[in-house]
Amino acid sequence: MFYDLWKKKDNLSMAELKILDVYMSAINRHNEETKEVIIDREHLNDVLGSHYTAEDLRNLFGKVLELVIRVEENRLISLFSMAEIQKNENSEYQVKLVCSEPAQEYFFNLDEQSFRNTLFIIRR
C-alpha cells in the first residue's frame, strides 16, 4: 500500500509520507491490535529532521487525519481515526496515531489480498 501511495504522492507532503512510513513500520501487519502507535518526540525529530512544537504537530497531524483513500469509484475511507498529541513522563511531546476501523483491511493481513492499482490518496 505504501508504495502505491508514494507513486501517487502529488497530494502528500514529504512529512506526511514520512509519518505514514513511521506508522507502517511500527505496526505488526498480522495483528490488528497494533493499530495504535505512539511516536515519541525524538523519533519525530529524527524522521522529520527538525524540532516541532505542539502547534507544528497539530498542523501536521491534522493534515494526516485528512488523508482518505479511494478504493472503488464510490468508496472513500479515512486512513486514520485519531491523532492525539500528549506529553510523556518527561513532559516531552509524543503523538498517538490510530488507523480507522475501515482502513484496517488495508494496513493488516495483506498477504491474502492484492490492492495494487486500487488505492488513490485524496484529501477530504
# chains A, B, ... in the order shown; residues from 1 in each chain; ligands from 1
$ residues_around --residues "Ala15 in chain A" --least-positions-apart "2" --cutoff "10 Å" --atoms "only C-alpha atoms" --output "ChimeraX atom specification"
/A:12-13,17-21,44,47-49,60-61,63-64
$ atom_distance --atom1 "CA of Val68 in chain A" --atom2 "CA of Lys35 in chain A"
16.8 Å
$ residues_around --residues "Tyr52 in chain A" --least-positions-apart "6" --cutoff "12 Å" --atoms "only C-alpha atoms" --output "list in words"
Ala15, Asp40, Arg41, Glu42, His43, Leu44, Asn45, Asp46, Arg58, Asn59, Leu60, Phe61, Ile85, Glu92, Tyr93, Gln94 and Val95 of chain A
$ write_last_selection --atoms "C-alpha atoms" --output "PDB file, in the first residue's frame"
ATOM      1  CA  ALA A  15       6.382  14.987   6.141  1.00  0.00           C
ATOM      2  CA  ASP A  40       7.891   9.926  20.624  1.00  0.00           C
ATOM      3  CA  ARG A  41       9.434  13.360  20.123  1.00  0.00           C
ATOM      4  CA  GLU A  42      12.936  12.036  19.500  1.00  0.00           C
ATOM      5  CA  HIS A  43      11.685   9.742  16.733  1.00  0.00           C
ATOM      6  CA  LEU A  44       9.616  12.574  15.243  1.00  0.00           C
ATOM      7  CA  ASN A  45      12.663  14.849  15.219  1.00  0.00           C
ATOM      8  CA  ASP A  46      14.821  12.124  13.629  1.00  0.00           C
ATOM      9  CA  ARG A  58      -1.211  19.751  15.475  1.00  0.00           C
ATOM     10  CA  ASN A  59      -0.965  21.183  11.957  1.00  0.00           C
ATOM     11  CA  LEU A  60       0.955  18.220  10.541  1.00  0.00           C
ATOM     12  CA  PHE A  61      -1.205  15.532  12.119  1.00  0.00           C
ATOM     13  CA  ILE A  85      -0.682  14.938  20.959  1.00  0.00           C
ATOM     14  CA  GLU A  92       8.026  15.743  26.061  1.00  0.00           C
ATOM     15  CA  TYR A  93       5.503  15.660  23.255  1.00  0.00           C
ATOM     16  CA  GLN A  94       4.535  12.412  21.641  1.00  0.00           C
ATOM     17  CA  VAL A  95       1.786  11.558  19.209  1.00  0.00           C
TER      18      VAL A  95
END
$ residues_around --residues "Thr34 in chain A" --least-positions-apart "6" --cutoff "12 Å" --atoms "only C-alpha atoms" --output "list of chain:residue names"
A:Tyr23, A:Met24, A:Ser25, A:Ala26, A:Ile27, A:Asn28, A:Lys96, A:Leu97, A:Val98, A:Cys99, A:Gln104, A:Phe107, A:Phe108
$ closest_residue --among "A:Asn31, A:Glu55, A:Ser100, A:Gly62" --to "Phe80 in chain A" --atoms "only C-alpha atoms"
A:Ser100
$ closest_residue --among "A:Val22, A:Ile69, A:Val37, A:Met14" --to "Met82 in chain A" --atoms "only C-alpha atoms"
A:Val37
$ atom_distance --atom1 "CA of Glu33 in chain A" --atom2 "CA of Leu79 in chain A"
15.9 Å
$ closest_residue --among "A:Glu36, A:Ser81, A:Thr53, A:His30" --to "Glu101 in chain A" --atoms "only C-alpha atoms"
A:Ser81
